[in-house]
Amino acid sequence: MSRNALDPVTFVVVGASGDLARKKLLPALFALYSQGFLPRDFRVFGFARTPFGDAEFRARVAENLTCRYVPGEACADRIREFLERCHYTAGQYDSADAFLNLYQAMREKEGRQERNRVFYLSIPPQVFLGVAHAIGGAGLVQCGNRRVWSRAVLEKPFGRDRASSDRLTAEMARVFEERETYRIDHYLGKEVIQNLMVLRFANLVFEPIWNRAHVRRVTIEWKEDIGVEGRGGYFDAYGIIRDVIQNHLLQILALTAMERPASVTAGHVGDEKVKVLRAVPPLTPDDVALGQYTAGTRRGLPHPGYTDDPTVPRDSRTPTFAAAALRVDNERWRGVPFVIMAGKGLDGGGTTVTIHFRDVAGNVFCDRPLCLPANRLSIRIQPDEAIMLHVVNKQPGLQVALVESDLNLRYRAAFDALIPDAYECLLLDVLEGDKSLFIRCDELEAAWDIFTPLLHAIEARGIAPEPYAFGSAGPAGMRRVLSRA
Ligand code: BG6
């Protein structure tokens, strides 16, 4: 699909000195710039509390830019041109004056011509609303101007539960219109997740068996082999359910389970996602296993436990692992468990969706010594993107022996193309006004409705997570969830 040339645009990154901005957003903008996806008239304004000037900001931005799309000598020129378009203003997040300074700096560079503006709020949740109001109060948002637009991009967490999320949505709407609000879930920008709809709806072979008659179980597994590594300040206030499951994994579930949308426009896809999420009954503590990693080893070296991290309170009960079997109570899926599992500090890293098909009824090979497991379709999102169908074959030879083998599609071997980072794809969509990979507010409501009763019950009852050693497969309670599924 061709991507359009764009009108002049100013891209404001609030929280520009943070990790996300430095390691993901600015490199993604450079990747787009170096491939010619951004207009020539394009500027970045970084805003954060750390006081430094344009030169220092540019030096920090340069540290993370790569030449993956423009190898060779031309890359240095692209980097120089890009950095010339980067500016920085320091100020407090809740200060209207600071945002007026930013406004002035923008006007000086923008000149007279009106331009489109993106405000990327890459900031801690506690300063979110203050910043939005300060941006609005300083007159940076061009409301009611039909010639140009102002868009806000918001990073999760979108609240802590249904009520706080609703309040956030309502307050944000006082500054940015809903149609100009882009709630980002960076997993939706990942290549294989975008492929889920294509795989299901552009092939004949999967959809007829994508249902309770043929599928026994679906698992969505998310593992990290690292801990919080100093990010405990944020993580401890949220925990693994709010950090990863309520958003990234639930989005994967929605795309795996939803019905075929009437078209691939944002409206139709969003409608189907909301419909399927509304068919998932809320979880209770009995449905989940919670864990927290303790000291263990990583590649043979000792690794501290979660509460040993200096950024985590010693008595924290925040789960770093959770597993649950969700139900999708509709005609297609009733009775098929969707097992979701997410954990930090585990024995490996990666995200995989597996569709476990039912056994072949009356399988004539099953009286032989080797009756192999039923078919599985594994969709590996990361690392090493791949789609694998595990099928049963005859082992070559004079006897009939069965063997399980893979029909596999490994992206790196199959496609002669660089796999873009999720943020490259999502930022381009923001600039082009395509909201199909962003979270609508009714989707967010439906997602919170599944998890809010569980989260409140865990907190009210002070349910302690079960310990598991760093580098292990997770807490024993996970087996209880799996055995019920
Ligand atoms: C973030 C979570 O949304 O996703 C982190 O806050 C997590 O805790 C990260 O580590 C994982 O992202 P990715 O793209 O590296 O899988």
# chains A, B, ... in the order shown; residues from 1 in each chain; ligands from 1
>>> residues_around(residues="range 8-18 of chain A", least_positions_apart="2", cutoff="8 Å", atoms="only C-alpha atoms", output="PyMOL selection string")
chain A and resi 6+20-22+39-50+115-123
>>> residues_near_ligand(ligand="ligand 1", cutoff="7 Å", atoms="only C-alpha atoms and all ligand atoms", output="ChimeraX atom specification")
/A:186-187,243-244
>>> residues_around(residues="range 211-227 of chain A", least_positions_apart="5", cutoff="6 Å", atoms="only C-alpha atoms", output="mmCIF file with C-alpha atoms, in the first residue's frame")
data_model
loop_
_atom_site.group_PDB
_atom_site.id
_atom_site.type_symbol
_atom_site.label_atom_id
_atom_site.label_comp_id
_atom_site.auth_asym_id
_atom_site.auth_seq_id
_atom_site.Cartn_x
_atom_site.Cartn_y
_atom_site.Cartn_z
ATOM 1 C CA ARG A 332 -17.877 -19.300 17.879
ATOM 2 C CA TRP A 333 -15.905 -19.828 21.066
ATOM 3 C CA VAL A 336 -12.753 -22.910 24.350
ATOM 4 C CA PRO A 337 -10.382 -21.538 27.004
ATOM 5 C CA PHE A 338 -8.115 -18.651 26.019
ATOM 6 C CA VAL A 339 -5.149 -19.127 28.327
ATOM 7 C CA ILE A 340 -3.185 -15.945 28.825
ATOM 8 C CA MET A 341 0.151 -16.027 30.568
ATOM 9 C CA ALA A 342 2.606 -13.179 31.144
ATOM 10 C CA GLY A 343 5.693 -13.008 33.285
ATOM 11 C CA LYS A 344 8.947 -11.216 33.873
ATOM 12 C CA GLY A 345 12.103 -12.955 35.063
ATOM 13 C CA LEU A 346 11.268 -16.262 33.367
ATOM 14 C CA ASP A 347 13.339 -18.951 31.669
ATOM 15 C CA GLY A 348 13.085 -17.373 28.226
ATOM 16 C CA GLY A 349 11.692 -14.427 26.346
ATOM 17 C CA GLY A 350 9.085 -14.228 23.594
ATOM 18 C CA THR A 351 5.444 -13.799 22.662
ATOM 19 C CA THR A 352 3.530 -16.587 20.949
ATOM 20 C CA VAL A 353 -0.100 -17.314 20.167
ATOM 21 C CA THR A 354 -0.875 -21.011 19.780
ATOM 22 C CA ILE A 355 -4.089 -22.442 18.403
ATOM 23 C CA HIS A 356 -4.424 -26.010 19.705
ATOM 24 C CA PHE A 357 -6.741 -27.951 17.425
ATOM 25 C CA ARG A 358 -8.851 -30.913 18.514
#
>>> select_by_dssp(residues="range 111-205 of chain A", states="helix (DSSP H, G or I)", output="PyMOL selection string")
chain A and resi 125-137+162-172+178-180+186-189+191-201
>>> write_last_selection(atoms="C-alpha atoms", output="compact mmCIF listing (two decimals), in the first residue's frame")
# COMPACT_ATOMS: atom_id res chain seq x y z
CA PRO A 125 0.69 8.82 34.39
CA GLN A 126 0.57 11.13 37.41
CA VAL A 127 1.47 14.19 35.30
CA PHE A 128 -0.68 13.24 32.33
CA LEU A 129 -3.67 15.47 32.90
CA GLY A 130 -1.60 18.41 34.17
CA VAL A 131 0.36 18.37 30.94
CA ALA A 132 -2.72 18.03 28.76
CA HIS A 133 -4.35 21.02 30.47
CA ALA A 134 -1.14 23.07 30.26
CA ILE A 135 -0.90 22.31 26.52
CA GLY A 136 -4.52 23.33 26.08
CA GLY A 137 -4.12 26.41 28.31
CA ARG A 162 -12.58 1.30 34.73
CA ALA A 163 -13.50 4.37 36.81
CA SER A 164 -10.10 6.08 36.68
CA SER A 165 -9.82 5.32 32.98
CA ASP A 166 -13.24 6.91 32.35
CA ARG A 167 -12.18 10.01 34.28
CA LEU A 168 -8.99 10.26 32.23
CA THR A 169 -10.92 9.91 28.98
CA ALA A 170 -13.39 12.62 30.02
CA GLU A 171 -10.67 15.04 31.15
CA MET A 172 -8.57 14.49 28.03
CA GLU A 178 -11.74 11.98 20.66
CA ARG A 179 -11.21 11.75 16.91
CA GLU A 180 -7.77 13.38 17.33
CA HIS A 186 2.69 -0.56 20.57
CA TYR A 187 1.95 -4.28 20.18
CA LEU A 188 -0.59 -3.38 17.51
CA GLY A 189 2.27 -1.99 15.43
CA GLU A 191 4.41 -6.97 12.15
CA VAL A 192 3.04 -10.39 13.12
CA ILE A 193 0.16 -8.91 15.10
CA GLN A 194 -0.82 -6.90 12.05
CA ASN A 195 -0.65 -10.12 10.11
CA LEU A 196 -3.25 -11.82 12.33
CA MET A 197 -6.19 -10.39 10.42
CA VAL A 198 -4.55 -11.08 7.06
CA LEU A 199 -3.79 -14.66 8.03
CA ARG A 200 -7.34 -15.26 9.19
CA PHE A 201 -9.34 -13.37 6.61
>>> residues_around(residues="Thr320 in chain A", least_positions_apart="3", cutoff="7 Å", atoms="only C-alpha atoms", output="MDAnalysis selection string")
chainID A and resid 239:240 291:293 343:344
>>> write_last_selection(atoms="N, CA, C and O atoms", output="CSV table (one decimal), in the first residue's frame")
chain,number,residue,atom,x,y,z
A,239,GLY,N,1.8,-3.4,38.1
A,239,GLY,CA,1.8,-4.9,38.1
A,239,GLY,C,1.6,-5.4,36.7
A,239,GLY,O,1.1,-4.7,35.8
A,240,ILE,N,1.8,-6.7,36.6
A,240,ILE,CA,1.8,-7.3,35.3
A,240,ILE,C,0.4,-7.3,34.6
A,240,ILE,O,0.4,-7.2,33.3
A,291,GLY,N,2.2,-14.5,40.5
A,291,GLY,CA,3.5,-14.8,41.0
A,291,GLY,C,4.4,-13.6,41.1
A,291,GLY,O,4.1,-12.6,40.5
A,292,GLN,N,5.4,-13.8,41.8
A,292,GLN,CA,6.4,-12.7,41.9
A,292,GLN,C,7.8,-13.3,42.0
A,292,GLN,O,8.0,-14.3,42.7
A,293,TYR,N,8.8,-12.8,41.1
A,293,TYR,CA,10.0,-13.6,41.1
A,293,TYR,C,10.9,-13.2,42.3
A,293,TYR,O,10.9,-12.1,42.8
A,343,GLY,N,4.8,-13.1,32.1
A,343,GLY,CA,5.7,-13.0,33.3
A,343,GLY,C,7.0,-12.4,33.0
A,343,GLY,O,7.5,-12.5,31.8
A,344,LYS,N,7.6,-11.7,34.0
A,344,LYS,CA,8.9,-11.2,33.9
A,344,LYS,C,9.9,-12.2,34.6
A,344,LYS,O,9.4,-12.9,35.5
>>> closest_residue(among="A:Cys366, A:Ala98, A:Ile439, A:Leu398", to="Gly267 in chain A", atoms="only C-alpha atoms")
A:Ile439
>>> closest_residue(among="A:Ala31, A:Ala90, A:Ala173, A:Leu426", to="Asp54 in chain A", atoms="only C-alpha atoms")
A:Ala90
>>> atom_distance(atom1="CA of Gln92 in chain A", atom2="CA of Leu154 in chain A")
18.8 Å
>>> closest_residue(among="A:Lys109, A:Arg151, A:Arg58, A:Lys394", to="Cys86 in chain A", atoms="only C-alpha atoms")
A:Arg58
>>> select_by_dssp(residues="range 70-261 of chain A", states="strand (DSSP E or B)", output="PyMOL selection string")
chain A and resi 86-90+116-121+150-155+181-184+215-223
>>> residues_around(residues="Phe365 in chain A", least_positions_apart="4", cutoff="12 Å", atoms="only C-alpha atoms", output="list in words")
Asp359, Val360, Ala361, Pro369, Leu370, Cys371, Leu372, Pro373, Val392, Asn393, Lys394, Val400, Ala401, Leu402 and Val403 of chain A
>>> residues_around(residues="Ala417 in chain A", least_positions_apart="6", cutoff="12 Å", atoms="only C-alpha atoms", output="number ranges by chain")
A: 68-69, 191, 411
>>> write_last_selection(atoms="all heavy atoms", output="short mmCIF file (atom, residue, chain, number, x, y, z; two decimals), in the first residue's frame")
data_model
loop_
_atom_site.label_atom_id
_atom_site.label_comp_id
_atom_site.auth_asym_id
_atom_site.auth_seq_id
_atom_site.Cartn_x
_atom_site.Cartn_y
_atom_site.Cartn_z
N ARG A 68 19.84 1.73 9.46
CA ARG A 68 19.33 0.49 8.87
C ARG A 68 18.61 0.71 7.54
O ARG A 68 18.62 -0.15 6.67
CB ARG A 68 18.46 -0.31 9.85
CG ARG A 68 17.19 0.36 10.32
CD ARG A 68 16.68 -0.28 11.60
NE ARG A 68 16.15 -1.62 11.41
CZ ARG A 68 14.86 -1.93 11.41
NH1 ARG A 68 13.96 -0.97 11.56
NH2 ARG A 68 14.47 -3.16 11.27
N TYR A 69 18.00 1.88 7.35
CA TYR A 69 17.32 2.09 6.07
C TYR A 69 18.18 2.84 5.05
O TYR A 69 17.84 2.89 3.89
CB TYR A 69 16.02 2.87 6.29
CG TYR A 69 14.99 2.08 7.07
CD1 TYR A 69 14.69 2.41 8.38
CD2 TYR A 69 14.33 0.99 6.50
CE1 TYR A 69 13.75 1.68 9.11
CE2 TYR A 69 13.40 0.26 7.21
CZ TYR A 69 13.12 0.60 8.52
OH TYR A 69 12.20 -0.12 9.23
N GLU A 191 4.69 -6.40 13.47
CA GLU A 191 4.41 -6.97 12.15
C GLU A 191 3.49 -8.20 12.23
O GLU A 191 2.50 -8.30 11.52
CB GLU A 191 5.76 -7.35 11.51
CG GLU A 191 5.68 -7.69 10.05
CD GLU A 191 5.18 -6.56 9.18
OE1 GLU A 191 5.67 -5.43 9.31
OE2 GLU A 191 4.27 -6.81 8.36
N TYR A 411 9.97 -15.43 9.05
CA TYR A 411 9.97 -14.16 8.34
C TYR A 411 11.35 -13.81 7.77
O TYR A 411 11.47 -13.37 6.66
CB TYR A 411 9.53 -13.03 9.28
CG TYR A 411 8.03 -12.88 9.38
CD1 TYR A 411 7.21 -13.97 9.57
CD2 TYR A 411 7.45 -11.62 9.30
CE1 TYR A 411 5.84 -13.83 9.67
CE2 TYR A 411 6.08 -11.47 9.41
CZ TYR A 411 5.27 -12.57 9.59
OH TYR A 411 3.92 -12.42 9.69
#
>>> atom_distance(atom1="CA of Ala446 in chain A", atom2="CA of Pro157 in chain A")
15.1 Å
>>> closest_residue(among="A:Asp442, A:Asp308, A:Asp416, A:Asp161", to="Gly232 in chain A", atoms="only C-alpha atoms")
A:Asp308
>>> residues_around(residues="Arg317 in chain A", least_positions_apart="3", cutoff="9 Å", atoms="only C-alpha atoms", output="count of residues only")
7
>>> closest_residue(among="A:Val153, A:Leu100, A:Val175, A:Val269", to="Gly433 in chain A", atoms="only C-alpha atoms")
A:Val153
>>> closest_residue(among="A:Ala485, A:Val328, A:Ala295, A:Leu389", to="Ala257 in chain A", atoms="only C-alpha atoms")
A:Val328
